[in-house]
$ cat my_file.tsv   # TSV, C-alpha atoms
chain	number	residue	atom	x	y	z
A	364	MET	CA	-18.10	10.63	-17.98
A	365	SER	CA	-15.23	9.28	-15.89
A	366	LEU	CA	-14.58	6.40	-13.56
A	367	SER	CA	-14.76	7.13	-9.83
A	368	MET	CA	-14.97	5.46	-6.45
A	369	ASN	CA	-17.90	6.55	-4.29
A	370	GLY	CA	-18.33	9.70	-6.39
A	371	ARG	CA	-14.67	10.68	-5.92
A	372	SER	CA	-12.35	10.79	-8.90
A	373	ALA	CA	-8.80	9.46	-8.72
A	374	PHE	CA	-6.36	11.69	-6.84
A	375	ARG	CA	-3.04	9.78	-6.80
A	376	PHE	CA	-1.63	8.29	-9.98
A	377	LEU	CA	1.19	5.92	-10.92
A	378	ILE	CA	2.52	6.26	-14.44
A	379	ILE	CA	4.50	3.27	-15.67
A	380	LEU	CA	6.97	4.42	-18.30
A	381	PRO	CA	7.35	2.44	-21.52
A	382	GLU	CA	10.08	-0.19	-21.61
A	383	HIS	CA	11.50	0.99	-24.95
A	384	THR	CA	13.36	4.25	-25.47
A	385	THR	CA	11.60	4.71	-28.82
A	386	GLU	CA	8.44	5.60	-26.86
A	387	SER	CA	10.17	7.99	-24.43
A	388	GLU	CA	9.23	11.22	-26.23
A	389	LEU	CA	5.55	10.32	-26.20
A	390	ALA	CA	5.80	9.36	-22.51
A	391	LYS	CA	7.51	12.66	-21.73
A	392	ARG	CA	4.76	14.65	-23.45
A	393	PHE	CA	2.08	12.63	-21.65
A	394	VAL	CA	3.66	13.02	-18.19
A	395	PHE	CA	3.99	16.79	-18.55
A	396	ALA	CA	0.51	17.16	-20.09
A	397	MET	CA	-0.92	15.23	-17.13
A	398	ARG	CA	1.00	17.31	-14.60
A	399	ASN	CA	-0.29	20.49	-16.27
A	400	ALA	CA	-3.86	19.15	-16.38
A	401	LEU	CA	-3.76	18.39	-12.64
A	402	GLY	CA	-2.79	21.96	-11.84
A	403	PRO	CA	-0.36	23.37	-9.26
A	404	ARG	CA	-0.28	20.23	-7.11
A	405	GLY	CA	0.05	17.90	-10.11
A	406	ALA	CA	3.66	16.89	-9.45
A	407	ASN	CA	2.67	15.74	-5.95
A	408	GLN	CA	-0.17	13.58	-7.27
A	409	ILE	CA	1.94	11.65	-9.77
A	410	ARG	CA	4.35	8.80	-9.08
A	411	ILE	CA	6.51	7.57	-11.93
A	412	LEU	CA	7.99	4.09	-12.26
A	413	GLY	CA	9.97	2.70	-15.15
A	414	PRO	CA	13.26	1.63	-16.65
A	415	ALA	CA	16.17	3.97	-15.91
A	416	ASN	CA	17.17	4.20	-19.59
A	417	VAL	CA	13.74	5.69	-20.41
A	418	GLY	CA	13.45	7.76	-17.22
A	419	ASN	CA	16.80	9.40	-17.92
A	420	LEU	CA	15.42	10.69	-21.23
A	421	ILE	CA	12.56	12.41	-19.41
A	422	ASN	CA	13.30	15.47	-17.28
A	423	MET	CA	12.17	14.36	-13.80
A	424	GLU	CA	12.85	17.79	-12.32
A	425	GLY	CA	9.77	18.87	-10.42
A	426	PHE	CA	8.61	15.31	-9.74
A	427	HIS	CA	9.22	14.16	-6.19
A	428	ASP	CA	8.27	10.51	-6.29
A	429	PHE	CA	9.75	8.18	-8.87
A	430	ILE	CA	11.39	4.76	-9.05
A	431	LEU	CA	13.71	3.96	-11.92
A	432	TYR	CA	14.92	0.38	-12.23
A	433	THR	CA	17.77	-1.23	-14.15
A	434	GLU	CA	18.50	-4.74	-15.44
A	435	ALA	CA	20.01	-5.50	-12.01
A	436	ASP	CA	16.53	-5.08	-10.46
A	437	LEU	CA	15.10	-7.86	-12.64
A	438	ASN	CA	15.33	-11.58	-11.87
A	439	ARG	CA	16.80	-14.24	-14.14
A	440	TRP	CA	13.52	-14.44	-16.11
A	441	GLY	CA	13.65	-10.71	-16.80
A	442	LEU	CA	10.76	-9.90	-14.45
A	443	PRO	CA	10.83	-7.64	-11.37
A	444	GLY	CA	13.06	-9.03	-8.60
A	445	LYS	CA	12.21	-9.20	-4.89
A	446	GLU	CA	13.26	-5.64	-4.00
A	447	LEU	CA	11.43	-4.07	-6.93
A	448	ASN	CA	8.33	-6.16	-6.15
A	449	TRP	CA	8.49	-5.08	-2.52
A	450	ALA	CA	8.76	-1.40	-3.53
A	451	CYS	CA	5.75	-1.84	-5.86
A	452	GLN	CA	3.64	-3.51	-3.17
A	453	ARG	CA	4.11	-0.44	-0.95
A	454	ILE	CA	2.79	1.97	-3.59
A	455	GLN	CA	-0.68	3.27	-2.74
A	456	VAL	CA	-2.42	5.06	-5.63
A	457	ASP	CA	-5.93	5.42	-6.99
A	458	ALA	CA	-5.01	4.67	-10.61
A	459	VAL	CA	-2.17	3.08	-12.56
A	460	LEU	CA	-1.50	3.96	-16.18
A	461	ASP	CA	0.86	1.79	-18.21
A	462	LEU	CA	2.21	3.84	-21.14
A	463	ASN	CA	3.55	0.85	-23.09
A	464	GLN	CA	1.90	0.88	-26.51
A	465	ALA	CA	2.26	-2.92	-26.79
A	466	PHE	CA	2.16	-5.56	-24.07
A	467	ALA	CA	5.31	-5.40	-21.90
A	468	PRO	CA	5.76	-8.24	-19.37
A	469	VAL	CA	7.81	-6.27	-16.82
A	470	SER	CA	5.37	-3.37	-16.75
A	471	ALA	CA	2.35	-5.69	-16.63
A	472	THR	CA	3.87	-7.55	-13.68
A	473	ILE	CA	4.49	-4.25	-11.91
A	474	CYS	CA	0.91	-3.20	-12.65
A	475	SER	CA	-0.45	-6.38	-11.11
A	476	THR	CA	1.74	-5.90	-8.01
A	477	VAL	CA	0.65	-2.31	-7.28
A	478	HIS	CA	-2.53	-1.97	-5.22
A	479	ALA	CA	-4.92	0.31	-7.10
A	480	PRO	CA	-8.61	0.04	-7.95
A	481	LEU	CA	-8.13	1.38	-11.50
A	482	LYS	CA	-5.50	0.00	-13.88
A	483	VAL	CA	-5.39	1.43	-17.40
A	484	GLY	CA	-3.32	0.10	-20.29
A	485	PHE	CA	-3.39	-0.16	-24.04
A	486	PHE	CA	-5.29	-2.95	-25.70
A	487	SER	CA	-3.53	-6.28	-26.15
A	488	GLU	CA	-4.58	-9.91	-26.07
A	489	GLU	CA	-2.71	-10.42	-22.78
A	490	GLY	CA	-3.94	-7.19	-21.17
A	491	ASP	CA	-7.19	-8.66	-19.77
A	492	ASP	CA	-5.29	-10.21	-16.88
A	493	TYR	CA	-3.59	-6.95	-15.87
A	494	PHE	CA	-5.86	-3.99	-16.69
A	495	ASN	CA	-9.49	-3.27	-15.90
A	496	VAL	CA	-9.63	-0.58	-18.62
A	497	MET	CA	-7.87	-0.98	-21.97
A	498	ILE	CA	-7.60	1.78	-24.54
A	499	ARG	CA	-7.54	1.08	-28.25
A	500	ARG	CA	-5.04	3.13	-30.13
A	501	HIS	CA	-5.94	4.49	-33.56
A	502	GLY	CA	-3.14	5.21	-36.00
A	503	THR	CA	0.54	4.87	-35.28
A	504	GLU	CA	0.84	7.16	-32.27
A	505	LEU	CA	-1.17	8.33	-29.31
A	506	MET	CA	-1.45	12.08	-29.72
A	507	GLU	CA	-3.01	14.86	-27.68
A	508	SER	CA	-6.56	13.70	-28.51
A	509	GLY	CA	-5.67	10.36	-26.96
A	510	PHE	CA	-4.31	12.18	-23.90
A	511	LYS	CA	-7.70	13.85	-23.46
A	512	GLU	CA	-9.44	10.47	-23.66
A	513	ILE	CA	-7.17	9.05	-20.96
A	514	PHE	CA	-7.61	12.15	-18.78
A	515	GLN	CA	-11.38	11.79	-19.14
A	516	ILE	CA	-11.28	8.14	-18.05
A	517	LEU	CA	-9.13	9.10	-15.04
A	518	GLY	CA	-11.44	11.97	-14.10
A	519	ILE	CA	-8.90	14.72	-14.84
A	520	ARG	CA	-10.44	17.88	-16.20

$ encode --input "my_file.tsv" --output "structure tokens"
Amino acid sequence: MSLSMNGRSAFRFLIILPEHTTESELAKRFVFAMRNALGPRGANQIRILGPANVGNLINMEGFHDFILYTEADLNRWGLPGKELNWACQRIQVDAVLDLNQAFAPVSATICSTVHAPLKVGFFSEEGDDYFNVMIRRHGTELMESGFKEIFQILGIR
């Protein structure tokens, strides 16, 4: 079973990279697993948004649509500034997936700014206000079995 709109599964996806470099390897594996699961046109269906320090650790070759932000793109409170907010408001996708394993204010703010009917994140007390589907993690890491669960929710076979 997967979530869909009018019998149509999600086609365009935004992946929000984790805010901490310690989670970059897991994010890299997830992004490439998702691209492979989507097939030959997978790179065209995925948009990636996240901090430049994490994005630089992931090989973005083959992905055409990504936004990497730096500290300069954040306001004095450490949240997305006007230009980054404006860029996020223009993003049109069917589903957003926040890869932060714990609640991350910048990523949650970005998630709330992007227009998408499905917003998926990992379970946290604060997540109710930002995600309409939250995934509970079991153990210390999200491994390939967790990838399959996320793909199933998103309607990716």

$ residues_around --input "my_file.tsv" --residues "Leu462 of chain A" --least-positions-apart "6" --cutoff "7 Å" --atoms "all atoms listed in the file" --output "count of residues only"
5

$ residues_around --input "my_file.tsv" --residues "Phe376 of chain A" --least-positions-apart "3" --cutoff "7 Å" --atoms "only C-alpha atoms" --output "CSV table (one decimal) with C-alpha atoms, in the coordinates of the input"
chain,number,residue,atom,x,y,z
A,408,GLN,CA,-0.2,13.6,-7.3
A,409,ILE,CA,1.9,11.6,-9.8
A,410,ARG,CA,4.4,8.8,-9.1
A,456,VAL,CA,-2.4,5.1,-5.6
A,457,ASP,CA,-5.9,5.4,-7.0
A,458,ALA,CA,-5.0,4.7,-10.6
A,459,VAL,CA,-2.2,3.1,-12.6

$ atom_distance --input "my_file.tsv" --atom1 "atom CA of Arg499 of chain A" --atom2 "atom CA of Asp428 of chain A"
28.7 Å

$ atom_distance --input "my_file.tsv" --atom1 "atom CA of Phe486 of chain A" --atom2 "atom CA of Ile498 of chain A"
5.4 Å

$ atom_distance --input "my_file.tsv" --atom1 "atom CA of Thr384 of chain A" --atom2 "atom CA of Gly413 of chain A"
11.0 Å

$ residues_around --input "my_file.tsv" --residues "Glu489 of chain A" --least-positions-apart "3" --cutoff "8 Å" --atoms "all atoms listed in the file" --output "VMD selection string"
chain A and resid 466 492 to 493

$ closest_residue --input "my_file.tsv" --among "A:Leu412, A:Ile519, A:Leu447, A:Ile454" --to "Asn399 of chain A" --atoms "only C-alpha atoms"
A:Ile519

$ closest_residue --input "my_file.tsv" --among "A:Leu437, A:His383, A:Arg500, A:Asn419" --to "Glu512 of chain A" --atoms "all atoms listed in the file"
A:Arg500

$ residues_around --input "my_file.tsv" --residues "Pro468 of chain A" --least-positions-apart "5" --cutoff "9 Å" --atoms "only C-alpha atoms" --output "count of residues only"
3

$ residues_near_point --input "my_file.tsv" --point "(15.2, -7.7, -11.7)" --cutoff "12 Å" --atoms "only C-alpha atoms" --output "PyMOL selection string"
chain A and resi 414+431-449+469-470+472-473

$ closest_residue --input "my_file.tsv" --among "A:Cys451, A:Met497, A:Leu377, A:Ile421" --to "Leu389 of chain A" --atoms "only C-alpha atoms"
A:Ile421

$ decode --input "my_file.tsv" --residues "segment 420-447 of chain A" --atoms "N, CA and C atoms" --output "PDB file, in the first residue's frame"
ATOM      1  N   LEU A 420      29.672  16.422   0.138  1.00  0.00           N
ATOM      2  CA  LEU A 420      30.120  15.064   0.459  1.00  0.00           C
ATOM      3  C   LEU A 420      29.389  14.003  -0.361  1.00  0.00           C
ATOM      4  N   ILE A 421      28.335  14.432  -1.050  1.00  0.00           N
ATOM      5  CA  ILE A 421      27.542  13.531  -1.880  1.00  0.00           C
ATOM      6  C   ILE A 421      27.852  13.870  -3.328  1.00  0.00           C
ATOM      7  N   ASN A 422      28.108  12.886  -4.138  1.00  0.00           N
ATOM      8  CA  ASN A 422      28.407  13.111  -5.552  1.00  0.00           C
ATOM      9  C   ASN A 422      27.115  13.484  -6.276  1.00  0.00           C
ATOM     10  N   MET A 423      26.966  14.760  -6.630  1.00  0.00           N
ATOM     11  CA  MET A 423      25.740  15.241  -7.287  1.00  0.00           C
ATOM     12  C   MET A 423      25.778  15.053  -8.800  1.00  0.00           C
ATOM     13  N   GLU A 424      26.829  14.426  -9.305  1.00  0.00           N
ATOM     14  CA  GLU A 424      26.923  14.185 -10.741  1.00  0.00           C
ATOM     15  C   GLU A 424      25.747  13.321 -11.174  1.00  0.00           C
ATOM     16  N   GLY A 425      25.082  13.725 -12.210  1.00  0.00           N
ATOM     17  CA  GLY A 425      23.919  12.995 -12.691  1.00  0.00           C
ATOM     18  C   GLY A 425      22.603  13.576 -12.195  1.00  0.00           C
ATOM     19  N   PHE A 426      22.653  14.428 -11.173  1.00  0.00           N
ATOM     20  CA  PHE A 426      21.457  15.119 -10.701  1.00  0.00           C
ATOM     21  C   PHE A 426      21.449  16.517 -11.299  1.00  0.00           C
ATOM     22  N   HIS A 427      20.320  16.919 -11.836  1.00  0.00           N
ATOM     23  CA  HIS A 427      20.246  18.182 -12.559  1.00  0.00           C
ATOM     24  C   HIS A 427      19.678  19.318 -11.734  1.00  0.00           C
ATOM     25  N   ASP A 428      18.975  19.002 -10.661  1.00  0.00           N
ATOM     26  CA  ASP A 428      18.224  20.020  -9.949  1.00  0.00           C
ATOM     27  C   ASP A 428      18.511  19.948  -8.458  1.00  0.00           C
ATOM     28  N   PHE A 429      19.405  20.804  -7.987  1.00  0.00           N
ATOM     29  CA  PHE A 429      19.693  20.823  -6.562  1.00  0.00           C
ATOM     30  C   PHE A 429      20.022  22.240  -6.109  1.00  0.00           C
ATOM     31  N   ILE A 430      19.709  22.493  -4.844  1.00  0.00           N
ATOM     32  CA  ILE A 430      20.017  23.777  -4.200  1.00  0.00           C
ATOM     33  C   ILE A 430      20.810  23.458  -2.942  1.00  0.00           C
ATOM     34  N   LEU A 431      22.010  24.007  -2.872  1.00  0.00           N
ATOM     35  CA  LEU A 431      22.833  23.850  -1.681  1.00  0.00           C
ATOM     36  C   LEU A 431      22.999  25.227  -1.054  1.00  0.00           C
ATOM     37  N   TYR A 432      22.703  25.324   0.224  1.00  0.00           N
ATOM     38  CA  TYR A 432      22.782  26.615   0.902  1.00  0.00           C
ATOM     39  C   TYR A 432      23.927  26.629   1.916  1.00  0.00           C
ATOM     40  N   THR A 433      24.357  27.838   2.260  1.00  0.00           N
ATOM     41  CA  THR A 433      25.426  28.022   3.245  1.00  0.00           C
ATOM     42  C   THR A 433      24.887  28.852   4.405  1.00  0.00           C
ATOM     43  N   GLU A 434      25.725  29.112   5.378  1.00  0.00           N
ATOM     44  CA  GLU A 434      25.352  29.946   6.525  1.00  0.00           C
ATOM     45  C   GLU A 434      24.891  31.329   6.064  1.00  0.00           C
ATOM     46  N   ALA A 435      25.458  31.822   4.963  1.00  0.00           N
ATOM     47  CA  ALA A 435      25.096  33.146   4.449  1.00  0.00           C
ATOM     48  C   ALA A 435      23.640  33.199   3.987  1.00  0.00           C
ATOM     49  N   ASP A 436      23.043  32.045   3.679  1.00  0.00           N
ATOM     50  CA  ASP A 436      21.650  31.987   3.230  1.00  0.00           C
ATOM     51  C   ASP A 436      20.658  31.930   4.386  1.00  0.00           C
ATOM     52  N   LEU A 437      21.165  31.902   5.613  1.00  0.00           N
ATOM     53  CA  LEU A 437      20.309  31.848   6.788  1.00  0.00           C
ATOM     54  C   LEU A 437      20.229  33.229   7.417  1.00  0.00           C
ATOM     55  N   ASN A 438      19.114  33.507   8.091  1.00  0.00           N
ATOM     56  CA  ASN A 438      18.960  34.818   8.743  1.00  0.00           C
ATOM     57  C   ASN A 438      19.643  34.823  10.115  1.00  0.00           C
ATOM     58  N   ARG A 439      19.477  35.883  10.848  1.00  0.00           N
ATOM     59  CA  ARG A 439      20.180  36.014  12.125  1.00  0.00           C
ATOM     60  C   ARG A 439      19.709  35.003  13.174  1.00  0.00           C
ATOM     61  N   TRP A 440      18.539  34.402  12.973  1.00  0.00           N
ATOM     62  CA  TRP A 440      18.046  33.366  13.888  1.00  0.00           C
ATOM     63  C   TRP A 440      18.476  31.974  13.450  1.00  0.00           C
ATOM     64  N   GLY A 441      19.215  31.895  12.354  1.00  0.00           N
ATOM     65  CA  GLY A 441      19.676  30.608  11.853  1.00  0.00           C
ATOM     66  C   GLY A 441      18.649  29.863  11.032  1.00  0.00           C
ATOM     67  N   LEU A 442      17.604  30.548  10.588  1.00  0.00           N
ATOM     68  CA  LEU A 442      16.566  29.952   9.742  1.00  0.00           C
ATOM     69  C   LEU A 442      16.717  30.473   8.315  1.00  0.00           C
ATOM     70  N   PRO A 443      16.075  29.828   7.336  1.00  0.00           N
ATOM     71  CA  PRO A 443      16.221  30.262   5.946  1.00  0.00           C
ATOM     72  C   PRO A 443      15.905  31.747   5.761  1.00  0.00           C
ATOM     73  N   GLY A 444      16.801  32.448   5.045  1.00  0.00           N
ATOM     74  CA  GLY A 444      16.617  33.862   4.745  1.00  0.00           C
ATOM     75  C   GLY A 444      15.641  34.055   3.597  1.00  0.00           C
ATOM     76  N   LYS A 445      15.420  35.299   3.211  1.00  0.00           N
ATOM     77  CA  LYS A 445      14.428  35.643   2.193  1.00  0.00           C
ATOM     78  C   LYS A 445      14.675  34.930   0.861  1.00  0.00           C
ATOM     79  N   GLU A 446      15.907  34.962   0.369  1.00  0.00           N
ATOM     80  CA  GLU A 446      16.190  34.362  -0.939  1.00  0.00           C
ATOM     81  C   GLU A 446      16.000  32.847  -0.927  1.00  0.00           C
ATOM     82  N   LEU A 447      16.443  32.201   0.139  1.00  0.00           N
ATOM     83  CA  LEU A 447      16.264  30.754   0.239  1.00  0.00           C
ATOM     84  C   LEU A 447      14.785  30.416   0.371  1.00  0.00           C
TER      85      LEU A 447
END
